[in-house]
$ cat structure25.cif   # mmCIF, C-alpha atoms
data_query
loop_
_atom_site.label_atom_id
_atom_site.label_comp_id
_atom_site.auth_asym_id
_atom_site.auth_seq_id
_atom_site.Cartn_x
_atom_site.Cartn_y
_atom_site.Cartn_z
CA MET A 1 7.79 -4.56 27.07
CA GLU A 2 11.16 -3.35 25.79
CA LEU A 3 10.51 -3.43 22.07
CA LYS A 4 14.07 -2.91 20.84
CA ASN A 5 15.18 -6.01 22.72
CA THR A 6 12.10 -8.08 21.93
CA VAL A 7 13.10 -11.62 21.04
CA ARG A 8 11.42 -13.18 18.04
CA LEU A 9 7.87 -14.07 19.00
CA SER A 10 7.60 -17.69 17.93
CA GLU A 11 3.86 -17.78 18.51
CA LEU A 12 3.39 -15.15 15.80
CA ASP A 13 5.61 -17.07 13.36
CA TRP A 14 3.41 -20.11 13.87
CA LEU A 15 0.14 -18.22 13.69
CA ARG A 16 1.12 -16.34 10.53
CA VAL A 17 1.85 -19.58 8.67
CA ILE A 18 -1.14 -21.45 10.10
CA LEU A 19 -3.56 -18.66 9.22
CA ILE A 20 -2.26 -18.20 5.67
CA PHE A 21 -2.57 -21.96 5.23
CA ALA A 22 -6.14 -21.65 6.54
CA VAL A 23 -6.81 -18.96 3.92
CA PHE A 24 -5.42 -21.33 1.28
CA LEU A 25 -7.65 -24.17 2.51
CA HIS A 26 -10.63 -21.82 2.52
CA HIS A 27 -10.07 -20.93 -1.13
CA VAL A 28 -9.65 -24.60 -2.05
CA CYS A 29 -13.11 -25.24 -0.60
CA MET A 30 -14.77 -22.16 -2.13
CA PRO A 31 -15.78 -23.87 -5.43
CA PHE A 32 -17.78 -26.40 -3.40
CA ASN A 33 -19.77 -24.29 -0.93
CA GLY A 34 -22.33 -22.84 -3.34
CA ASP A 35 -21.18 -19.26 -2.74
CA ASP A 36 -20.77 -18.14 -6.39
CA TRP A 37 -16.96 -17.91 -6.43
CA HIS A 38 -14.64 -17.50 -9.48
CA ILE A 39 -15.18 -21.14 -10.42
CA MET A 40 -17.94 -23.37 -9.06
CA ASN A 41 -18.53 -27.10 -8.94
CA ASN A 42 -21.92 -28.36 -10.14
CA GLU A 43 -22.48 -29.98 -6.75
CA SER A 44 -22.13 -27.99 -3.52
CA SER A 45 -22.24 -28.67 0.22
CA LYS A 46 -24.33 -26.62 2.65
CA VAL A 47 -22.49 -28.22 5.59
CA LEU A 48 -19.16 -27.08 4.16
CA ASP A 49 -20.52 -23.55 3.81
CA ASP A 50 -21.80 -23.60 7.39
CA VAL A 51 -18.35 -24.54 8.69
CA MET A 52 -16.46 -22.09 6.49
CA VAL A 53 -18.55 -19.11 7.57
CA TYR A 54 -17.39 -19.63 11.16
CA PHE A 55 -13.67 -19.63 10.41
CA GLU A 56 -14.12 -16.58 8.19
CA GLN A 57 -14.73 -14.55 11.32
CA PHE A 58 -11.20 -14.65 12.74
CA ARG A 59 -8.58 -15.72 10.20
CA LEU A 60 -7.93 -12.30 8.68
CA PRO A 61 -8.56 -10.27 11.87
CA ILE A 62 -5.79 -12.20 13.61
CA LEU A 63 -3.46 -11.68 10.64
CA PHE A 64 -4.07 -7.92 10.84
CA PHE A 65 -3.44 -8.08 14.60
CA ILE A 66 -0.08 -9.77 13.91
CA SER A 67 0.76 -7.09 11.34
CA GLY A 68 0.06 -4.38 13.92
CA VAL A 69 2.44 -6.06 16.34
CA GLY A 70 5.10 -6.31 13.65
CA ALA A 71 4.73 -2.63 12.73
CA VAL A 72 5.44 -1.50 16.30
CA ILE A 73 8.45 -3.79 16.67
CA LEU A 74 9.91 -2.65 13.35
CA LEU A 75 9.32 1.04 14.12
CA SER A 76 11.26 0.58 17.36
CA LYS A 77 14.30 -0.62 15.42
CA ILE A 78 14.49 1.53 12.29
CA THR A 79 13.73 5.12 11.31
CA ILE A 80 10.32 6.19 10.05
CA LYS A 81 11.78 6.84 6.59
CA LYS A 82 13.27 3.34 6.38
CA PHE A 83 10.02 1.87 7.66
CA ALA A 84 7.97 3.64 4.98
CA LEU A 85 10.43 2.68 2.22
CA ASP A 86 10.47 -0.91 3.45
CA LYS A 87 6.68 -1.16 3.30
CA MET A 88 6.51 0.38 -0.16
CA ALA A 89 9.22 -1.93 -1.48
CA ARG A 90 7.93 -5.11 0.14
CA LEU A 91 4.20 -4.49 -0.20
CA PHE A 92 3.41 -1.97 -2.94
CA ILE A 93 5.70 -3.52 -5.58
CA PRO A 94 4.32 -7.06 -4.99
CA LEU A 95 0.79 -5.62 -5.13
CA LEU A 96 1.51 -3.93 -8.47
CA VAL A 97 3.27 -6.99 -9.92
CA GLY A 98 0.51 -9.25 -8.62
CA SER A 99 -2.24 -7.16 -10.20
CA LEU A 100 -0.38 -7.10 -13.54
CA LEU A 101 0.81 -10.72 -13.71
CA VAL A 102 -0.99 -12.93 -11.20
CA ILE A 103 -4.57 -11.68 -11.18
CA PRO A 104 -5.29 -11.65 -14.99
CA PRO A 105 -5.37 -15.47 -15.29
CA GLN A 106 -8.12 -15.57 -12.64
CA ILE A 107 -10.22 -13.03 -14.53
CA TYR A 108 -9.64 -14.91 -17.79
CA ILE A 109 -10.69 -18.30 -16.38
CA GLU A 110 -13.77 -16.74 -14.81
CA ASN A 111 -14.83 -15.32 -18.20
CA ILE A 112 -13.24 -17.89 -20.51
CA THR A 113 -16.46 -18.61 -22.40
CA ILE A 114 -16.76 -15.04 -23.66
CA LEU A 115 -13.07 -14.19 -24.19
CA GLN A 116 -10.61 -14.98 -26.94
CA SER A 117 -7.17 -16.48 -26.26
CA TYR A 118 -5.44 -15.42 -23.05
CA TRP A 119 -2.58 -13.64 -24.80
CA LYS A 120 -4.96 -11.58 -26.92
CA GLU A 121 -6.98 -10.63 -23.87
CA TYR A 122 -4.03 -10.10 -21.52
CA PRO A 123 -3.45 -6.35 -22.18
CA ASN A 124 -7.05 -5.51 -21.33
CA LEU A 125 -7.05 -7.82 -18.31
CA ALA A 126 -3.80 -6.37 -16.94
CA LEU A 127 -4.87 -2.77 -17.43
CA LYS A 128 -7.88 -3.33 -15.19
CA PHE A 129 -5.41 -3.36 -12.26
CA GLU A 130 -7.78 -5.51 -10.24
CA THR A 131 -6.46 -6.51 -6.83
CA ASN A 132 -8.87 -9.40 -6.26
CA HIS A 133 -7.61 -11.37 -3.21
CA LEU A 134 -4.64 -8.98 -3.01
CA TRP A 135 -6.89 -6.43 -1.29
CA PHE A 136 -5.31 -7.81 1.88
CA ILE A 137 -1.95 -6.38 0.80
CA GLU A 138 -3.57 -3.08 -0.18
CA TYR A 139 -4.96 -2.84 3.36
CA LEU A 140 -1.54 -3.62 4.83
CA ILE A 141 0.06 -0.78 2.87
CA VAL A 142 -2.46 1.79 4.12
CA PHE A 143 -2.46 0.43 7.69
CA SER A 144 1.34 0.39 7.81
CA LEU A 145 1.57 4.03 6.76
CA LEU A 146 -1.11 4.95 9.30
CA ALA A 147 0.90 3.04 11.89
CA ILE A 148 3.57 5.76 11.80
CA PRO A 149 1.46 8.56 13.36
CA ILE A 150 -0.43 6.08 15.56
CA ASN A 151 2.83 4.73 16.95
CA LYS A 152 3.92 8.30 17.69
CA LEU A 153 0.62 8.88 19.49
CA LEU A 154 1.07 5.72 21.54
CA ASN A 155 4.52 6.96 22.57
CA SER A 156 2.96 10.12 23.99
CA ARG A 157 1.50 10.62 27.44
CA PHE A 158 -2.00 10.15 26.05
CA GLY A 159 -0.95 6.94 24.32
CA THR A 160 0.60 5.64 27.53
CA LEU A 161 -2.71 6.30 29.26
CA ILE A 162 -4.51 4.21 26.64
CA VAL A 163 -2.08 1.30 26.98
CA ASP A 164 -2.20 1.49 30.79
CA SER A 165 -6.00 1.47 30.69
CA VAL A 166 -5.96 -1.72 28.63
CA ALA A 167 -3.40 -3.20 31.04
CA LYS A 168 -5.75 -2.57 33.98
CA LEU A 169 -8.32 -4.84 32.34
CA THR A 170 -5.95 -7.79 32.75
CA LYS A 171 -6.56 -7.77 36.51
CA PHE A 172 -9.93 -9.36 35.84
CA LYS A 173 -10.56 -12.72 34.20
CA GLY A 174 -12.03 -11.99 30.83
CA GLY A 175 -11.20 -8.32 31.26
CA LEU A 176 -9.63 -8.02 27.83
CA PHE A 177 -12.79 -9.49 26.34
CA SER A 178 -14.65 -6.33 27.39
CA LEU A 179 -12.87 -4.53 24.53
CA VAL A 180 -15.26 -6.37 22.23
CA THR A 181 -17.80 -3.64 22.98
CA LEU A 182 -15.64 -1.16 21.07
CA LEU A 183 -15.31 -3.60 18.18
CA ILE A 184 -19.07 -4.12 18.06
CA VAL A 185 -19.74 -0.37 18.01
CA VAL A 186 -17.20 0.13 15.21
CA LYS A 187 -18.55 -2.75 13.15
CA ILE A 188 -22.24 -1.96 13.47
CA CYS A 189 -21.97 1.81 13.06
CA PHE A 190 -19.72 1.73 9.99
CA SER A 191 -21.62 -1.17 8.42
CA LEU A 192 -24.93 0.65 8.72
CA ILE A 193 -23.43 3.81 7.25
CA PHE A 194 -21.44 2.02 4.52
CA PRO A 195 -23.55 -1.05 3.62
CA SER A 196 -21.20 -2.76 1.17
CA ASP A 197 -19.81 -6.29 0.94
CA ASP A 198 -16.70 -5.44 -1.09
CA ASN A 199 -13.20 -5.27 0.38
CA LYS A 200 -12.06 -2.05 -1.24
CA ILE A 201 -10.03 0.13 1.10
CA GLU A 202 -12.52 2.97 0.74
CA ASN A 203 -15.31 0.72 2.06
CA LEU A 204 -15.08 1.81 5.69
CA SER A 205 -17.36 -0.95 6.94
CA SER A 206 -14.59 -3.38 6.04
CA SER A 207 -11.39 -1.36 6.46
CA THR A 208 -12.24 0.12 9.89
CA TYR A 209 -13.12 -3.33 11.20
CA TYR A 210 -9.76 -4.82 10.23
CA PHE A 211 -7.94 -1.65 11.25
CA PHE A 212 -9.30 -2.11 14.77
CA PHE A 213 -7.43 -5.42 15.05
CA PHE A 214 -4.30 -3.83 13.60
CA ILE A 215 -4.37 -1.07 16.24
CA ILE A 216 -5.06 -3.58 19.01
CA GLY A 217 -1.93 -5.44 17.93
CA MET A 218 0.01 -2.18 18.25
CA ILE A 219 -1.36 -1.67 21.77
CA PHE A 220 -1.03 -5.21 23.11
CA ILE A 221 2.66 -5.56 22.22
CA ARG A 222 3.56 -2.38 24.10
CA ASN A 223 2.69 -3.84 27.51
CA LYS A 224 4.17 -7.06 28.84
CA SER A 225 1.33 -7.67 31.29
CA VAL A 226 -1.26 -7.44 28.49
CA TRP A 227 0.67 -9.88 26.33
CA GLN A 228 1.16 -12.34 29.19
CA ALA A 229 -2.46 -12.04 30.31
CA THR A 230 -3.70 -13.55 27.05
CA CYS A 231 -1.62 -16.63 27.90
CA GLU A 232 -2.53 -16.77 31.58
CA GLN A 233 -6.24 -16.32 30.90
CA ARG A 234 -6.37 -18.59 27.87
CA PHE A 235 -8.80 -21.08 29.43
CA SER A 236 -11.23 -18.33 30.48
CA ASN A 237 -11.07 -16.93 26.96
CA LEU A 238 -11.66 -20.42 25.55
CA ILE A 239 -14.88 -20.68 27.58
CA ILE A 240 -15.94 -17.28 26.24
CA LEU A 241 -15.14 -18.45 22.71
CA LEU A 242 -17.29 -21.55 23.16
CA LEU A 243 -20.19 -19.44 24.43
CA SER A 244 -19.69 -17.00 21.55
CA THR A 245 -19.73 -19.92 19.12
CA ILE A 246 -23.03 -21.14 20.55
CA ALA A 247 -24.49 -17.63 20.17
CA PHE A 248 -23.10 -17.42 16.63
CA TYR A 249 -24.69 -20.64 15.42
CA ALA A 250 -27.87 -20.07 17.41
CA TYR A 251 -28.46 -16.94 15.38
CA TYR A 252 -27.07 -18.45 12.16
CA TYR A 253 -29.64 -21.26 12.33
CA SER A 254 -32.44 -19.14 13.79
CA PRO A 255 -35.81 -19.09 12.00
CA ASP A 256 -36.89 -16.18 9.83
CA LEU A 257 -37.13 -13.12 12.08
CA SER A 258 -38.23 -10.65 9.41
CA LYS A 259 -41.71 -10.43 10.94
CA TYR A 260 -40.28 -9.19 14.22
CA LEU A 261 -37.08 -7.31 13.38
CA SER A 262 -36.09 -4.84 10.69
CA LEU A 263 -33.38 -5.70 8.19
CA ASP A 264 -30.92 -3.35 9.93
CA ALA A 265 -31.68 -4.96 13.29
CA ARG A 266 -31.12 -8.46 11.92
CA TRP A 267 -27.84 -7.45 10.31
CA SER A 268 -26.75 -5.72 13.53
CA ILE A 269 -27.31 -8.91 15.52
CA TRP A 270 -25.33 -10.84 12.91
CA TRP A 271 -22.42 -8.42 13.11
CA LEU A 272 -22.57 -8.60 16.91
CA VAL A 273 -22.23 -12.40 17.06
CA CYS A 274 -19.47 -12.24 14.42
CA CYS A 275 -17.56 -9.76 16.59
CA LEU A 276 -17.98 -11.98 19.65
CA VAL A 277 -16.43 -14.91 17.79
CA ALA A 278 -13.66 -12.86 16.18
CA TRP A 279 -12.54 -11.19 19.40
CA SER A 280 -12.76 -14.24 21.67
CA ALA A 281 -10.96 -16.33 19.02
CA LEU A 282 -8.13 -13.78 18.86
CA LEU A 283 -7.61 -13.84 22.63
CA THR A 284 -7.91 -17.62 22.85
CA ILE A 285 -5.67 -18.48 19.92
CA LEU A 286 -3.03 -15.95 20.93
CA GLY A 287 -3.04 -17.30 24.48
CA TYR A 288 -2.66 -20.96 23.54
CA ALA A 289 -0.10 -20.12 20.87
CA GLN A 290 2.05 -18.39 23.50
CA PHE A 291 1.83 -21.43 25.76
CA TYR A 292 2.46 -24.19 23.22
CA LEU A 293 4.27 -22.64 20.24
CA THR A 294 7.47 -21.47 21.88
CA LYS A 295 10.08 -22.45 19.28
CA THR A 296 10.54 -21.54 15.62
CA PRO A 297 12.07 -24.47 13.71
CA LYS A 298 14.04 -23.91 10.51
CA TRP A 299 11.18 -24.97 8.24
CA LEU A 300 8.97 -22.38 9.90
CA HIS A 301 11.56 -19.65 9.27
CA LEU A 302 11.55 -20.64 5.61
CA SER A 303 7.74 -20.72 5.50
CA ASN A 304 7.60 -17.22 6.97
CA GLU A 305 10.07 -16.01 4.39
CA LEU A 306 7.95 -17.30 1.51
CA ILE A 307 4.53 -16.56 2.99
CA LEU A 308 3.92 -13.39 0.94
CA PRO A 309 4.57 -14.89 -2.53
CA PHE A 310 2.63 -17.98 -1.45
CA TYR A 311 -0.33 -15.78 -0.62
CA ILE A 312 -0.03 -13.80 -3.86
CA PHE A 313 0.00 -16.91 -6.10
CA HIS A 314 -2.23 -19.35 -4.23
CA GLN A 315 -5.67 -18.23 -5.42
CA THR A 316 -4.70 -17.94 -9.07
CA VAL A 317 -3.20 -21.43 -8.92
CA ILE A 318 -6.38 -22.77 -7.30
CA VAL A 319 -8.60 -21.12 -9.92
CA VAL A 320 -6.54 -22.33 -12.90
CA ILE A 321 -6.12 -25.91 -11.64
CA GLY A 322 -9.65 -26.01 -10.28
CA PHE A 323 -11.08 -25.07 -13.67
CA TYR A 324 -9.94 -28.47 -14.94
CA VAL A 325 -10.42 -30.51 -11.77
CA LEU A 326 -14.09 -29.50 -11.55
CA THR A 327 -14.78 -31.11 -14.94
CA TRP A 328 -13.58 -34.54 -13.81
CA GLN A 329 -16.26 -37.17 -13.22
CA ILE A 330 -15.33 -37.95 -9.62
CA SER A 331 -16.94 -37.35 -6.25
CA MET A 332 -16.82 -33.94 -4.59
CA PRO A 333 -14.58 -35.02 -1.63
CA ILE A 334 -12.00 -36.43 -4.07
CA LYS A 335 -12.12 -33.23 -6.14
CA ILE A 336 -11.44 -31.18 -2.99
CA PHE A 337 -8.56 -33.47 -2.02
CA LEU A 338 -6.98 -33.39 -5.49
CA LEU A 339 -7.42 -29.63 -5.81
CA PHE A 340 -5.74 -29.21 -2.43
CA ILE A 341 -2.76 -31.43 -3.28
CA LEU A 342 -2.22 -30.08 -6.79
CA SER A 343 -2.65 -26.41 -5.83
CA PHE A 344 -0.50 -26.60 -2.73
CA SER A 345 2.26 -28.42 -4.63
CA ALA A 346 2.17 -25.99 -7.56
CA THR A 347 2.14 -22.87 -5.37
CA SER A 348 4.97 -24.21 -3.20
CA LEU A 349 7.07 -25.07 -6.24
CA ILE A 350 6.60 -21.56 -7.66
CA CYS A 351 7.83 -20.10 -4.36
CA PHE A 352 10.76 -22.51 -3.90
CA LEU A 353 12.00 -22.88 -7.48
CA ILE A 354 11.16 -19.53 -9.08
CA ILE A 355 10.82 -16.85 -6.39
CA LYS A 356 13.30 -17.89 -3.70
CA PRO A 357 16.50 -18.49 -5.77
CA PHE A 358 16.45 -15.40 -8.01
CA SER A 359 17.11 -11.84 -6.81
CA ILE A 360 14.81 -10.19 -9.36
CA PHE A 361 11.83 -12.31 -8.36
CA ARG A 362 12.64 -11.88 -4.68
CA PHE A 363 12.47 -8.13 -5.18
CA LEU A 364 9.25 -8.25 -7.20
CA PHE A 365 7.46 -10.40 -4.64
CA GLY A 366 8.53 -8.74 -1.41
CA LEU A 367 11.48 -10.84 -0.27
CA LYS A 368 14.75 -9.41 0.97
CA PRO A 369 17.91 -9.87 -1.13
CA LEU A 370 19.60 -13.24 -0.84
CA ASN A 371 22.43 -11.92 1.32
CA HIS A 372 19.84 -10.68 3.86
CA ALA A 373 17.58 -13.72 3.74
CA THR A 374 18.82 -15.17 7.01
CA HIS A 375 17.59 -12.06 8.79
CA HIS A 376 14.26 -12.01 7.02
CA LYS A 377 11.08 -11.20 8.89
CA SER A 378 7.75 -11.64 7.21
CA THR A 379 5.97 -8.57 5.88
CA ILE A 380 2.51 -9.94 6.56
#
$ encode --input "structure25.cif" --output "structure tokens"
Amino acid sequence: MELKNTVRLSELDWLRVILIFAVFLHHVCMPFNGDDWHIMNNESSKVLDDVMVYFEQFRLPILFFISGVGAVILLSKITIKKFALDKMARLFIPLLVGSLLVIPPQIYIENITILQSYWKEYPNLALKFETNHLWFIEYLIVFSLLAIPINKLLNSRFGTLIVDSVAKLTKFKGGLFSLVTLLIVVKICFSLIFPSDDNKIENLSSSTYYFFFFIIGMIFIRNKSVWQATCEQRFSNLIILLLSTIAFYAYYYSPDLSKYLSLDARWSIWWLVCCLVAWSALLTILGYAQFYLTKTPKWLHLSNELILPFYIFHQTVIVVIGFYVLTWQISMPIKIFLLFILSFSATSLICFLIIKPFSIFRFLFGLKPLNHATHHKSTI
């Protein structure tokens, strides 16, 4: 695939917006799934939690895959220095601003019963420099910088050999699915060595897992046959996804196996079925997106432009609005619906009325200057 002449990949525009919206919807539902989030409703739904745990397996992995694709395309068009400066300006600055201005209200609401007024507490809250849900951006910064030497490696003879080896798998139906074995090894090995649930970049059980998808994005986009194969083999991958889903829920709902398997063995099986779903979902969704999502309408261009500030603000807006919505004496489904409508409207208005029109806010939240907006490509 000639990267310098690569036309805009509409399927990735669609997927980026759909997946960020899915992240938003996930966070809207978090107060109601009994999972001890920042704010929690008195009543929770086990069914909701059972559904949410499935979609957790592939939303972010696919977003990191898309970011890997974008890194290769951008590196083919600008110098390494400009690439690094671009990532620092459009990722690091929003991360810093977000941790100073956007995250503190979440921490305050979560601890409101033991804190004084927000403005008195703000200095201490801001100086914690917590990233919270912005860990995703922190990962993107590190992965993007690592993309520079990896891209150079992929340009070498050894890198060409790797890409060609992946391309050979496309000759077989489901051939690309075999790469899941590497993902499983990475996930299980690092998770056993670094048994932590947090999303800090230094937690290699988390960062190496997502980095795998980022690198795969860098590899897939370099070969036209690999990219096309995901579309041509989309139905085969869908069947694999359905089988992986059955395996996932079969283990999820399995009886207590502690009498027969060690804790490490049980976790390893869980990570295995999660990898099966994540990988087969990536191949399936990418394939069907290529087939059906072939055009990028104007509203989608605008959505892609504002996707980063939307992501930065959405969780804080949900937490602040949800703090009040959860106190209302109404049914749980209505609370979810109202929290969705109010949070989506508020976050969208912040992006459209505050971030988009003003150069200073565009700079602080990762958007290009107004005179370059028509050529904008999303950072995520």
$ residues_around --input "structure25.cif" --residues "range 217-230 of chain A" --least-positions-apart "3" --cutoff "7 Å" --atoms "all atoms listed in the file" --output "number ranges by chain"
A: 1, 65-66, 68-69, 72, 163, 167, 170, 213-214, 233-234, 283, 286-287
$ closest_residue --input "structure25.cif" --among "A:Asn304, A:Gln106, A:Gln290, A:Gln57" --to "Phe248 in chain A" --atoms "only C-alpha atoms"
A:Gln57
$ closest_residue --input "structure25.cif" --among "A:Ser196, A:Asn132, A:Ser76, A:Asn203" --to "Ile148 in chain A" --atoms "only C-alpha atoms"
A:Ser76
$ residues_around --input "structure25.cif" --residues "range 107-109 of chain A" --least-positions-apart "3" --cutoff "7 Å" --atoms "only C-alpha atoms" --output "number ranges by chain"
A: 103-104, 112, 118, 320
$ residues_near_point --input "structure25.cif" --point "(-14.0, -6.5, 20.9)" --cutoff "9 Å" --atoms "only C-alpha atoms" --output "compact mmCIF listing (two decimals) with C-alpha atoms, in the frame of the given file"
# COMPACT_ATOMS: atom_id res chain seq x y z
CA LEU A 176 -9.63 -8.02 27.83
CA PHE A 177 -12.79 -9.49 26.34
CA SER A 178 -14.65 -6.33 27.39
CA LEU A 179 -12.87 -4.53 24.53
CA VAL A 180 -15.26 -6.37 22.23
CA THR A 181 -17.80 -3.64 22.98
CA LEU A 182 -15.64 -1.16 21.07
CA LEU A 183 -15.31 -3.60 18.18
CA ILE A 184 -19.07 -4.12 18.06
CA VAL A 185 -19.74 -0.37 18.01
CA PHE A 212 -9.30 -2.11 14.77
CA PHE A 213 -7.43 -5.42 15.05
CA CYS A 275 -17.56 -9.76 16.59
CA LEU A 276 -17.98 -11.98 19.65
CA ALA A 278 -13.66 -12.86 16.18
CA TRP A 279 -12.54 -11.19 19.40
CA SER A 280 -12.76 -14.24 21.67
$ residues_around --input "structure25.cif" --residues "Ile354 in chain A" --least-positions-apart "3" --cutoff "12 Å" --atoms "only C-alpha atoms" --output "number ranges by chain"
A: 306, 309-310, 313, 346-351, 357-362, 364-365
$ atom_distance --input "structure25.cif" --atom1 "CA of Phe323 in chain A" --atom2 "CA of Phe340 in chain A"
13.1 Å
$ closest_residue --input "structure25.cif" --among "A:Ser117, A:Ser156, A:Thr131, A:Ser244" --to "Gln315 in chain A" --atoms "all atoms listed in the file"
A:Thr131
$ closest_residue --input "structure25.cif" --among "A:Trp270, A:Phe235, A:Trp37, A:Tyr54" --to "Lys173 in chain A" --atoms "only C-alpha atoms"
A:Phe235
$ residues_around --input "structure25.cif" --residues "Leu63 in chain A" --least-positions-apart "2" --cutoff "8 Å" --atoms "all atoms listed in the file" --output "ChimeraX atom specification"
/A:16,19,59-61,65-67,380
$ atom_distance --input "structure25.cif" --atom1 "CA of Glu110 in chain A" --atom2 "CA of Val47 in chain A"
25.0 Å
$ atom_distance --input "structure25.cif" --atom1 "CA of Ala147 in chain A" --atom2 "CA of Tyr209 in chain A"
15.4 Å
$ closest_residue --input "structure25.cif" --among "A:Ile341, A:Met332, A:Leu370, A:Met52" --to "Val23 in chain A" --atoms "all atoms listed in the file"
A:Met52
$ resolve_selection --input "structure25.cif" --expression "the PyMOL selection byres ((chain A and resi 139) around 9)" --output "tab-separated table (two decimals) with C-alpha atoms, in the coordinates of the input"
chain	number	residue	atom	x	y	z
A	134	LEU	CA	-4.64	-8.98	-3.01
A	135	TRP	CA	-6.89	-6.43	-1.29
A	136	PHE	CA	-5.31	-7.81	1.88
A	137	ILE	CA	-1.95	-6.38	0.80
A	138	GLU	CA	-3.57	-3.08	-0.18
A	140	LEU	CA	-1.54	-3.62	4.83
A	141	ILE	CA	0.06	-0.78	2.87
A	142	VAL	CA	-2.46	1.79	4.12
A	143	PHE	CA	-2.46	0.43	7.69
A	144	SER	CA	1.34	0.39	7.81
A	200	LYS	CA	-12.06	-2.05	-1.24
A	201	ILE	CA	-10.03	0.13	1.10
A	207	SER	CA	-11.39	-1.36	6.46
A	210	TYR	CA	-9.76	-4.82	10.23
A	211	PHE	CA	-7.94	-1.65	11.25
$ residues_around --input "structure25.cif" --residues "Phe337 in chain A" --least-positions-apart "3" --cutoff "12 Å" --atoms "all atoms listed in the file" --output "list in words"
Leu25, Val28, Cys29, Phe32, Gly322, Val325, Leu326, Ile330, Ser331, Met332, Pro333, Ile334, Phe340, Ile341, Leu342, Ser343 and Phe344 of chain A
$ closest_residue --input "structure25.cif" --among "A:Tyr251, A:Leu115, A:Lys298, A:Cys231" --to "Leu282 in chain A" --atoms "only C-alpha atoms"
A:Cys231
$ resolve_selection --input "structure25.cif" --expression "the PyMOL selection byres ((chain A and resi 44) around 6)" --output "JSON, numbers by chain"
{"A": [32, 33, 34, 43, 45]}
